[in-house]
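As provided, structure-v1.pdb (PDB, C-alpha atoms) reads as follows.
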ATOM      1  CA  MET A   1    -180.548  -6.247  -7.925  1.00  0.00           C
ATOM      2  CA  ALA A   2    -178.502  -8.679  -6.068  1.00  0.00           C
ATOM      3  CA  HIS A   3    -175.867  -6.040  -5.451  1.00  0.00           C
ATOM      4  CA  TRP A   4    -178.240  -3.480  -4.014  1.00  0.00           C
ATOM      5  CA  PRO A   5    -177.138  -3.769  -0.322  1.00  0.00           C
ATOM      6  CA  ALA A   6    -173.474  -3.376  -1.348  1.00  0.00           C
ATOM      7  CA  VAL A   7    -174.246  -0.138  -3.211  1.00  0.00           C
ATOM      8  CA  GLN A   8    -176.078   1.256  -0.200  1.00  0.00           C
ATOM      9  CA  LEU A   9    -173.179   0.263   2.071  1.00  0.00           C
ATOM     10  CA  THR A  10    -170.672   2.043  -0.183  1.00  0.00           C
ATOM     11  CA  GLU A  11    -172.786   5.208  -0.392  1.00  0.00           C
ATOM     12  CA  ARG A  12    -173.246   5.204   3.358  1.00  0.00           C
ATOM     13  CA  THR A  13    -169.463   4.792   3.896  1.00  0.00           C
ATOM     14  CA  ASP A  14    -168.808   7.627   1.447  1.00  0.00           C
ATOM     15  CA  THR A  15    -171.190   9.865   3.394  1.00  0.00           C
ATOM     16  CA  ILE A  16    -169.527   9.034   6.698  1.00  0.00           C
ATOM     17  CA  VAL A  17    -166.047   9.653   5.266  1.00  0.00           C
ATOM     18  CA  ARG A  18    -167.152  12.978   3.759  1.00  0.00           C
ATOM     19  CA  ARG A  19    -168.628  14.109   7.089  1.00  0.00           C
ATOM     20  CA  GLN A  20    -165.398  13.152   8.909  1.00  0.00           C
ATOM     21  CA  ARG A  21    -163.294  15.010   6.341  1.00  0.00           C
ATOM     22  CA  GLY A  22    -165.552  18.046   6.726  1.00  0.00           C
ATOM     23  CA  ARG A  23    -165.089  17.996  10.503  1.00  0.00           C
ATOM     24  CA  THR A  24    -161.317  17.568  10.108  1.00  0.00           C
ATOM     25  CA  ILE A  25    -161.114  20.464   7.652  1.00  0.00           C
ATOM     26  CA  ARG A  26    -163.192  22.735   9.917  1.00  0.00           C
ATOM     27  CA  ALA A  27    -161.048  21.757  12.928  1.00  0.00           C
ATOM     28  CA  SER A  28    -157.875  22.380  10.922  1.00  0.00           C
ATOM     29  CA  LEU A  29    -159.109  25.800   9.837  1.00  0.00           C
ATOM     30  CA  ALA A  30    -160.058  26.644  13.422  1.00  0.00           C
ATOM     31  CA  MET A  31    -156.589  25.567  14.649  1.00  0.00           C
ATOM     32  CA  ALA A  32    -154.916  27.593  11.890  1.00  0.00           C
ATOM     33  CA  ALA A  33    -156.955  30.658  12.854  1.00  0.00           C
ATOM     34  CA  LEU A  34    -156.083  30.123  16.539  1.00  0.00           C
ATOM     35  CA  MET A  35    -152.371  29.736  15.756  1.00  0.00           C
ATOM     36  CA  THR A  36    -152.431  32.874  13.602  1.00  0.00           C
ATOM     37  CA  ALA A  37    -154.144  34.842  16.366  1.00  0.00           C
ATOM     38  CA  THR A  38    -151.667  33.551  18.944  1.00  0.00           C
ATOM     39  CA  ALA A  39    -148.666  34.383  16.763  1.00  0.00           C
ATOM     40  CA  THR A  40    -150.042  37.860  16.095  1.00  0.00           C
ATOM     41  CA  ALA A  41    -150.754  38.513  19.778  1.00  0.00           C
ATOM     42  CA  CYS A  42    -147.309  37.290  20.845  1.00  0.00           C
ATOM     43  CA  GLY A  43    -145.499  39.141  18.083  1.00  0.00           C
ATOM     44  CA  GLY A  44    -144.658  42.111  20.338  1.00  0.00           C
ATOM     45  CA  PRO A  45    -141.859  40.487  22.363  1.00  0.00           C
ATOM     46  CA  PHE A  46    -140.179  39.259  19.201  1.00  0.00           C
ATOM     47  CA  GLN A  47    -139.774  42.698  17.676  1.00  0.00           C
ATOM     48  CA  ASP A  48    -136.245  43.917  17.001  1.00  0.00           C
ATOM     49  CA  LEU A  49    -135.580  46.592  19.585  1.00  0.00           C
ATOM     50  CA  GLY A  50    -132.092  47.370  18.326  1.00  0.00           C
ATOM     51  CA  PRO A  51    -128.742  46.668  19.930  1.00  0.00           C
ATOM     52  CA  LEU A  52    -128.409  46.133  23.655  1.00  0.00           C
ATOM     53  CA  PRO A  53    -127.030  49.044  25.658  1.00  0.00           C
ATOM     54  CA  PRO A  54    -123.371  48.771  26.618  1.00  0.00           C
ATOM     55  CA  ARG A  55    -122.623  47.018  29.894  1.00  0.00           C
ATOM     56  CA  PHE A  56    -120.416  49.929  30.934  1.00  0.00           C
ATOM     57  CA  SER A  57    -120.009  53.531  29.872  1.00  0.00           C
ATOM     58  CA  GLY A  58    -116.853  55.074  28.527  1.00  0.00           C
ATOM     59  CA  PRO A  59    -113.834  53.381  27.040  1.00  0.00           C
ATOM     60  CA  PRO A  60    -112.585  50.159  28.626  1.00  0.00           C
ATOM     61  CA  LEU A  61    -109.892  50.763  31.218  1.00  0.00           C
ATOM     62  CA  PRO A  62    -106.578  48.938  30.944  1.00  0.00           C
ATOM     63  CA  ALA A  63    -105.621  46.663  33.820  1.00  0.00           C
ATOM     64  CA  ASP A  64    -102.482  48.695  34.560  1.00  0.00           C
ATOM     65  CA  THR A  65    -104.538  51.847  35.166  1.00  0.00           C
ATOM     66  CA  VAL A  66    -106.974  50.088  37.476  1.00  0.00           C
ATOM     67  CA  VAL A  67    -104.215  48.407  39.472  1.00  0.00           C
ATOM     68  CA  SER A  68    -102.276  51.673  39.727  1.00  0.00           C
ATOM     69  CA  GLU A  69    -105.304  53.616  41.008  1.00  0.00           C
ATOM     70  CA  MET A  70    -106.275  51.026  43.603  1.00  0.00           C
ATOM     71  CA  THR A  71    -102.670  50.491  44.746  1.00  0.00           C
ATOM     72  CA  SER A  72    -102.249  54.263  45.173  1.00  0.00           C
ATOM     73  CA  ALA A  73    -105.500  54.626  47.122  1.00  0.00           C
ATOM     74  CA  LEU A  74    -104.517  51.764  49.429  1.00  0.00           C
ATOM     75  CA  ALA A  75    -100.930  53.043  49.871  1.00  0.00           C
ATOM     76  CA  ALA A  76    -102.239  56.481  50.843  1.00  0.00           C
ATOM     77  CA  GLU A  77    -104.031  54.790  53.752  1.00  0.00           C
ATOM     78  CA  GLY A  78    -101.000  52.706  54.739  1.00  0.00           C
ATOM     79  CA  VAL A  79    -102.062  49.421  53.125  1.00  0.00           C
ATOM     80  CA  MET A  80     -99.216  48.055  50.982  1.00  0.00           C
ATOM     81  CA  VAL A  81    -100.237  45.423  48.424  1.00  0.00           C
ATOM     82  CA  THR A  82     -98.631  43.472  45.597  1.00  0.00           C
ATOM     83  CA  ARG A  83    -100.169  42.603  42.252  1.00  0.00           C
ATOM     84  CA  GLN A  84    -100.931  39.012  41.339  1.00  0.00           C
ATOM     85  CA  PRO A  85    -102.366  39.036  37.783  1.00  0.00           C
ATOM     86  CA  SER A  86    -104.405  36.270  36.259  1.00  0.00           C
ATOM     87  CA  ASP A  87    -106.552  35.700  33.198  1.00  0.00           C
ATOM     88  CA  ALA A  88    -109.213  33.059  33.756  1.00  0.00           C
ATOM     89  CA  LEU A  89    -111.471  31.741  31.003  1.00  0.00           C
ATOM     90  CA  GLY A  90    -111.695  34.872  28.887  1.00  0.00           C
ATOM     91  CA  ARG A  91    -112.340  37.213  31.825  1.00  0.00           C
ATOM     92  CA  CYS A  92    -109.585  39.512  32.884  1.00  0.00           C
ATOM     93  CA  SER A  93    -108.946  39.754  36.582  1.00  0.00           C
ATOM     94  CA  GLU A  94    -106.295  41.015  38.919  1.00  0.00           C
ATOM     95  CA  ARG A  95    -105.621  40.409  42.567  1.00  0.00           C
ATOM     96  CA  LEU A  96    -103.951  42.686  45.073  1.00  0.00           C
ATOM     97  CA  SER A  97    -102.802  41.262  48.371  1.00  0.00           C
ATOM     98  CA  GLY A  98    -100.806  42.408  51.356  1.00  0.00           C
ATOM     99  CA  ARG A  99    -100.790  42.636  55.130  1.00  0.00           C
ATOM    100  CA  HIS A 100    -101.857  45.349  57.543  1.00  0.00           C
ATOM    101  CA  ALA A 101    -102.160  45.909  61.274  1.00  0.00           C
ATOM    102  CA  PRO A 102    -105.291  44.133  62.548  1.00  0.00           C
ATOM    103  CA  GLU A 103    -106.397  47.046  64.720  1.00  0.00           C
ATOM    104  CA  THR A 104    -106.814  49.470  61.797  1.00  0.00           C
ATOM    105  CA  VAL A 105    -107.368  47.268  58.756  1.00  0.00           C
ATOM    106  CA  ASP A 106    -111.153  47.871  58.529  1.00  0.00           C
ATOM    107  CA  SER A 107    -110.871  51.650  58.789  1.00  0.00           C
ATOM    108  CA  ALA A 108    -107.917  51.695  56.353  1.00  0.00           C
ATOM    109  CA  LEU A 109    -109.882  49.735  53.745  1.00  0.00           C
ATOM    110  CA  LYS A 110    -112.921  51.998  54.128  1.00  0.00           C
ATOM    111  CA  ALA A 111    -110.731  55.101  53.814  1.00  0.00           C
ATOM    112  CA  ALA A 112    -108.940  53.657  50.758  1.00  0.00           C
ATOM    113  CA  PHE A 113    -112.269  52.980  49.039  1.00  0.00           C
ATOM    114  CA  ALA A 114    -113.450  56.501  49.860  1.00  0.00           C
ATOM    115  CA  ARG A 115    -110.179  57.869  48.447  1.00  0.00           C
ATOM    116  CA  ALA A 116    -110.633  55.838  45.246  1.00  0.00           C
ATOM    117  CA  ARG A 117    -114.110  57.377  44.852  1.00  0.00           C
ATOM    118  CA  SER A 118    -112.967  60.946  45.485  1.00  0.00           C
ATOM    119  CA  ASP A 119    -109.524  60.955  43.810  1.00  0.00           C
ATOM    120  CA  TYR A 120    -110.047  58.567  40.885  1.00  0.00           C
ATOM    121  CA  GLY A 121    -113.770  58.702  40.126  1.00  0.00           C
ATOM    122  CA  TRP A 122    -114.739  55.185  41.211  1.00  0.00           C
ATOM    123  CA  GLN A 123    -118.418  54.622  42.020  1.00  0.00           C
ATOM    124  CA  ALA A 124    -119.941  52.587  44.834  1.00  0.00           C
ATOM    125  CA  GLY A 125    -120.576  49.049  43.619  1.00  0.00           C
ATOM    126  CA  PRO A 126    -123.420  46.675  44.420  1.00  0.00           C
ATOM    127  CA  ASP A 127    -124.125  46.061  48.093  1.00  0.00           C
ATOM    128  CA  LEU A 128    -122.941  42.549  48.920  1.00  0.00           C
ATOM    129  CA  GLY A 129    -123.408  42.786  52.659  1.00  0.00           C
ATOM    130  CA  SER A 130    -121.644  44.344  55.603  1.00  0.00           C
ATOM    131  CA  GLY A 131    -118.498  42.223  55.225  1.00  0.00           C
ATOM    132  CA  THR A 132    -117.530  43.501  51.778  1.00  0.00           C
ATOM    133  CA  LEU A 133    -116.676  46.701  49.952  1.00  0.00           C
ATOM    134  CA  THR A 134    -117.269  47.120  46.214  1.00  0.00           C
ATOM    135  CA  LEU A 135    -116.426  49.762  43.630  1.00  0.00           C
ATOM    136  CA  THR A 136    -117.076  50.041  39.898  1.00  0.00           C
ATOM    137  CA  LYS A 137    -115.483  52.112  37.177  1.00  0.00           C
ATOM    138  CA  GLY A 138    -115.859  51.583  33.454  1.00  0.00           C
ATOM    139  CA  ASN A 139    -115.530  47.887  32.768  1.00  0.00           C
ATOM    140  CA  TRP A 140    -114.021  46.991  36.184  1.00  0.00           C
ATOM    141  CA  THR A 141    -115.436  45.941  39.553  1.00  0.00           C
ATOM    142  CA  VAL A 142    -113.329  45.913  42.712  1.00  0.00           C
ATOM    143  CA  LEU A 143    -114.241  43.706  45.659  1.00  0.00           C
ATOM    144  CA  ALA A 144    -112.586  43.528  49.084  1.00  0.00           C
ATOM    145  CA  GLY A 145    -113.774  41.613  52.095  1.00  0.00           C
ATOM    146  CA  PHE A 146    -113.112  42.606  55.659  1.00  0.00           C
ATOM    147  CA  PRO A 147    -110.641  40.200  57.239  1.00  0.00           C
ATOM    148  CA  PRO A 148    -111.503  38.110  60.309  1.00  0.00           C
ATOM    149  CA  PRO A 149    -111.751  40.180  63.492  1.00  0.00           C
ATOM    150  CA  VAL A 150    -108.642  39.087  65.387  1.00  0.00           C
ATOM    151  CA  PRO A 151    -105.741  37.082  63.955  1.00  0.00           C
ATOM    152  CA  ALA A 152    -103.231  35.302  66.154  1.00  0.00           C
ATOM    153  CA  GLN A 153    -101.075  37.522  68.369  1.00  0.00           C
ATOM    154  CA  GLY A 154     -98.291  39.309  66.490  1.00  0.00           C
ATOM    155  CA  ILE A 155     -99.527  38.396  62.987  1.00  0.00           C
ATOM    156  CA  GLN A 156    -100.664  41.061  60.584  1.00  0.00           C
ATOM    157  CA  THR A 157    -104.054  40.707  58.917  1.00  0.00           C
ATOM    158  CA  MET A 158    -104.158  39.536  55.296  1.00  0.00           C
ATOM    159  CA  VAL A 159    -105.760  42.015  52.883  1.00  0.00           C
ATOM    160  CA  VAL A 160    -107.044  40.640  49.563  1.00  0.00           C
ATOM    161  CA  MET A 161    -108.697  42.691  46.838  1.00  0.00           C
ATOM    162  CA  SER A 162    -110.154  41.224  43.629  1.00  0.00           C
ATOM    163  CA  LEU A 163    -110.399  43.351  40.499  1.00  0.00           C
ATOM    164  CA  THR A 164    -112.599  41.845  37.800  1.00  0.00           C
ATOM    165  CA  CYS A 165    -112.969  43.113  34.259  1.00  0.00           C
ATOM    166  CA  LEU A 166    -116.397  42.931  32.634  1.00  0.00           C
ATOM    167  CA  ASP A 167    -115.026  43.163  29.098  1.00  0.00           C
ATOM    168  CA  PRO A 168    -111.329  43.562  28.369  1.00  0.00           C
ATOM    169  CA  GLY A 169    -112.151  45.722  25.354  1.00  0.00           C
ATOM    170  CA  GLY A 170    -109.464  44.179  23.199  1.00  0.00           C
ATOM    171  CA  SER A 171    -106.589  44.943  25.548  1.00  0.00           C
ATOM    172  CA  THR A 172    -105.256  42.163  27.695  1.00  0.00           C
ATOM    173  CA  PRO A 173    -103.954  42.705  31.179  1.00  0.00           C
ATOM    174  CA  THR A 174    -100.197  42.852  31.345  1.00  0.00           C
ATOM    175  CA  PRO A 175     -98.926  40.317  33.862  1.00  0.00           C
ATOM    176  CA  THR A 176     -95.332  41.599  33.756  1.00  0.00           C
ATOM    177  CA  LEU A 177     -95.787  44.705  35.915  1.00  0.00           C
ATOM    178  CA  ALA A 178     -93.320  44.701  38.811  1.00  0.00           C
ATOM    179  CA  PRO A 179     -95.089  44.270  42.142  1.00  0.00           C
ATOM    180  CA  THR A 180     -95.182  47.135  44.583  1.00  0.00           C
ATOM    181  CA  PRO A 181     -92.819  46.418  47.484  1.00  0.00           C
ATOM    182  CA  ALA A 182     -94.642  45.683  50.695  1.00  0.00           C
ATOM    183  CA  SER A 183     -93.386  47.323  53.858  1.00  0.00           C
ATOM    184  CA  HIS A 184     -94.120  44.660  56.393  1.00  0.00           C
ATOM    185  CA  PRO A 185     -92.103  42.108  58.337  1.00  0.00           C
ATOM    186  CA  SER A 186     -92.391  38.571  57.043  1.00  0.00           C
TER
END
With the file now loaded, output its structure as structure tokens.
Amino acid sequence: MAHWPAVQLTERTDTIVRRQRGRTIRASLAMAALMTATATACGGPFQDLGPLPPRFSGPPLPADTVVSEMTSALAAEGVMVTRQPSDALGRCSERLSGRHAPETVDSALKAAFARARSDYGWQAGPDLGSGTLTLTKGNWTVLAGFPPPVPAQGIQTMVVMSLTCLDPGGSTPTPTLAPTPASHPS
């Protein structure tokens, strides 16, 4: 009987440990049920909805076609530009630049963009403010900014147009196209 208090202490410890394990198991089951309910409730956004829609409709346009259409629309309004191709970091882009009389440059650019819409099927692009014009067609976006209001006396206004390709579609822009001659004094 000398060991009687030790036996009671061990039984009491066993009871305490069993109660703690019971609480831990119930808490673990509650957490598992909560996690299952959360995963089931949030399962909707993780459903496979199929492939993403294409970023543009129709076949990708080659750079030569885009440059030709925009150069023609600008030339019809008296704006002569030259092509300056570039290919930056996997995105195809082209640049058209030239000079035009400062008095009529804004109206010529607006008329050229209207001609591109009517003659070549370009669509109005995103509105980037009153100082820019944008067009989109297929996988291309065209952006031109209005030049500063009045350059120095006797200097023609610089016209710059950026053509950016969303996805080259496997064809690379050809940088060897001869530039269109500009009809302006240097």
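Across the chains present, the PyMOL selection byres ((chain A and resi 112) around 10) applied to this file returns Met70, Thr71, Ser72, Ala73, Leu74, Ala75, Ala76, Glu77, Gly78, Val79, Asp106, Ser107, Ala108, Leu109, Lys110, Ala111, Phe113, Ala114, Arg115, Ala116, Arg117 and Ser118 of chain A.
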task: Spell out the residues picked by the PyMOL selection byres ((chain A and resi 146) around 6) here, as an MDAnalysis selection string.
output: chainID A and resid 131:132 145 147
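For Thr157 of chain A, the list of residues within 7 Å, based on all atoms listed in the file and with local chain neighbours fewer than 3 positions off taken out, reads Arg99, His100, Ala101, Pro102, Pro147 and Pro151 of chain A.
Here atom CA of Tyr120 of chain A and atom CA of Val67 of chain A stand 11.8 Å from one another.
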Kindly resolve the PyMOL selection byres ((chain A and resi 136) around 12) on the present coordinates and return the residues as a tab-separated table (two decimals) with C-alpha atoms, keeping the file's coordinate frame.
chain	number	residue	atom	x	y	z
A	55	ARG	CA	-122.62	47.02	29.89
A	56	PHE	CA	-120.42	49.93	30.93
A	57	SER	CA	-120.01	53.53	29.87
A	61	LEU	CA	-109.89	50.76	31.22
A	66	VAL	CA	-106.97	50.09	37.48
A	70	MET	CA	-106.28	51.03	43.60
A	113	PHE	CA	-112.27	52.98	49.04
A	116	ALA	CA	-110.63	55.84	45.25
A	117	ARG	CA	-114.11	57.38	44.85
A	120	TYR	CA	-110.05	58.57	40.88
A	121	GLY	CA	-113.77	58.70	40.13
A	122	TRP	CA	-114.74	55.18	41.21
A	123	GLN	CA	-118.42	54.62	42.02
A	124	ALA	CA	-119.94	52.59	44.83
A	125	GLY	CA	-120.58	49.05	43.62
A	126	PRO	CA	-123.42	46.68	44.42
A	127	ASP	CA	-124.12	46.06	48.09
A	133	LEU	CA	-116.68	46.70	49.95
A	134	THR	CA	-117.27	47.12	46.21
A	135	LEU	CA	-116.43	49.76	43.63
A	137	LYS	CA	-115.48	52.11	37.18
A	138	GLY	CA	-115.86	51.58	33.45
A	139	ASN	CA	-115.53	47.89	32.77
A	140	TRP	CA	-114.02	46.99	36.18
A	141	THR	CA	-115.44	45.94	39.55
A	142	VAL	CA	-113.33	45.91	42.71
A	143	LEU	CA	-114.24	43.71	45.66
A	162	SER	CA	-110.15	41.22	43.63
A	163	LEU	CA	-110.40	43.35	40.50
A	164	THR	CA	-112.60	41.84	37.80
A	165	CYS	CA	-112.97	43.11	34.26
A	166	LEU	CA	-116.40	42.93	32.63
Would you fill the gaps in segment 119-133 of chain A so it has N, CA, C and O atoms, then print it as a JSON list (two decimals), keeping the file's coordinate frame?
[["chain", "number", "residue", "atom", "x", "y", "z"],
["A", 119, "ASP", "N", -110.70, 60.59, 44.60],
["A", 119, "ASP", "CA", -109.52, 60.96, 43.81],
["A", 119, "ASP", "C", -109.55, 60.41, 42.39],
["A", 119, "ASP", "O", -109.00, 61.03, 41.48],
["A", 120, "TYR", "N", -110.15, 59.24, 42.19],
["A", 120, "TYR", "CA", -110.05, 58.57, 40.88],
["A", 120, "TYR", "C", -111.39, 58.36, 40.19],
["A", 120, "TYR", "O", -111.44, 57.78, 39.11],
["A", 121, "GLY", "N", -112.47, 58.78, 40.79],
["A", 121, "GLY", "CA", -113.77, 58.70, 40.13],
["A", 121, "GLY", "C", -114.45, 57.35, 40.16],
["A", 121, "GLY", "O", -115.35, 57.09, 39.37],
["A", 122, "TRP", "N", -114.05, 56.46, 41.07],
["A", 122, "TRP", "CA", -114.74, 55.18, 41.21],
["A", 122, "TRP", "C", -116.12, 55.42, 41.81],
["A", 122, "TRP", "O", -116.34, 56.38, 42.53],
["A", 123, "GLN", "N", -117.04, 54.54, 41.52],
["A", 123, "GLN", "CA", -118.42, 54.62, 42.02],
["A", 123, "GLN", "C", -118.66, 53.46, 42.99],
["A", 123, "GLN", "O", -118.04, 52.41, 42.86],
["A", 124, "ALA", "N", -119.57, 53.67, 43.93],
["A", 124, "ALA", "CA", -119.94, 52.59, 44.83],
["A", 124, "ALA", "C", -120.53, 51.44, 44.03],
["A", 124, "ALA", "O", -121.34, 51.65, 43.13],
["A", 125, "GLY", "N", -120.10, 50.23, 44.33],
["A", 125, "GLY", "CA", -120.58, 49.05, 43.62],
["A", 125, "GLY", "C", -121.81, 48.47, 44.29],
["A", 125, "GLY", "O", -122.36, 49.06, 45.22],
["A", 126, "PRO", "N", -122.24, 47.31, 43.83],
["A", 126, "PRO", "CA", -123.42, 46.68, 44.42],
["A", 126, "PRO", "C", -123.18, 46.31, 45.88],
["A", 126, "PRO", "O", -122.07, 45.97, 46.27],
["A", 127, "ASP", "N", -124.22, 46.39, 46.67],
["A", 127, "ASP", "CA", -124.12, 46.06, 48.09],
["A", 127, "ASP", "C", -124.15, 44.55, 48.25],
["A", 127, "ASP", "O", -125.13, 43.89, 47.94],
["A", 128, "LEU", "N", -123.04, 44.00, 48.73],
["A", 128, "LEU", "CA", -122.94, 42.55, 48.92],
["A", 128, "LEU", "C", -122.96, 42.16, 50.39],
["A", 128, "LEU", "O", -122.60, 41.06, 50.74],
["A", 129, "GLY", "N", -123.34, 43.08, 51.24],
["A", 129, "GLY", "CA", -123.41, 42.79, 52.66],
["A", 129, "GLY", "C", -122.40, 43.61, 53.44],
["A", 129, "GLY", "O", -121.55, 44.30, 52.88],
["A", 130, "SER", "N", -122.48, 43.51, 54.75],
["A", 130, "SER", "CA", -121.64, 44.34, 55.60],
["A", 130, "SER", "C", -120.18, 43.90, 55.63],
["A", 130, "SER", "O", -119.33, 44.65, 56.06],
["A", 131, "GLY", "N", -119.88, 42.72, 55.18],
["A", 131, "GLY", "CA", -118.50, 42.22, 55.22],
["A", 131, "GLY", "C", -117.69, 42.51, 53.99],
["A", 131, "GLY", "O", -116.55, 42.07, 53.88],
["A", 132, "THR", "N", -118.25, 43.24, 53.02],
["A", 132, "THR", "CA", -117.53, 43.50, 51.78],
["A", 132, "THR", "C", -117.65, 44.96, 51.35],
["A", 132, "THR", "O", -118.60, 45.65, 51.70],
["A", 133, "LEU", "N", -116.67, 45.38, 50.59],
["A", 133, "LEU", "CA", -116.68, 46.70, 49.95],
["A", 133, "LEU", "C", -116.57, 46.48, 48.45],
["A", 133, "LEU", "O", -115.81, 45.63, 48.00]]
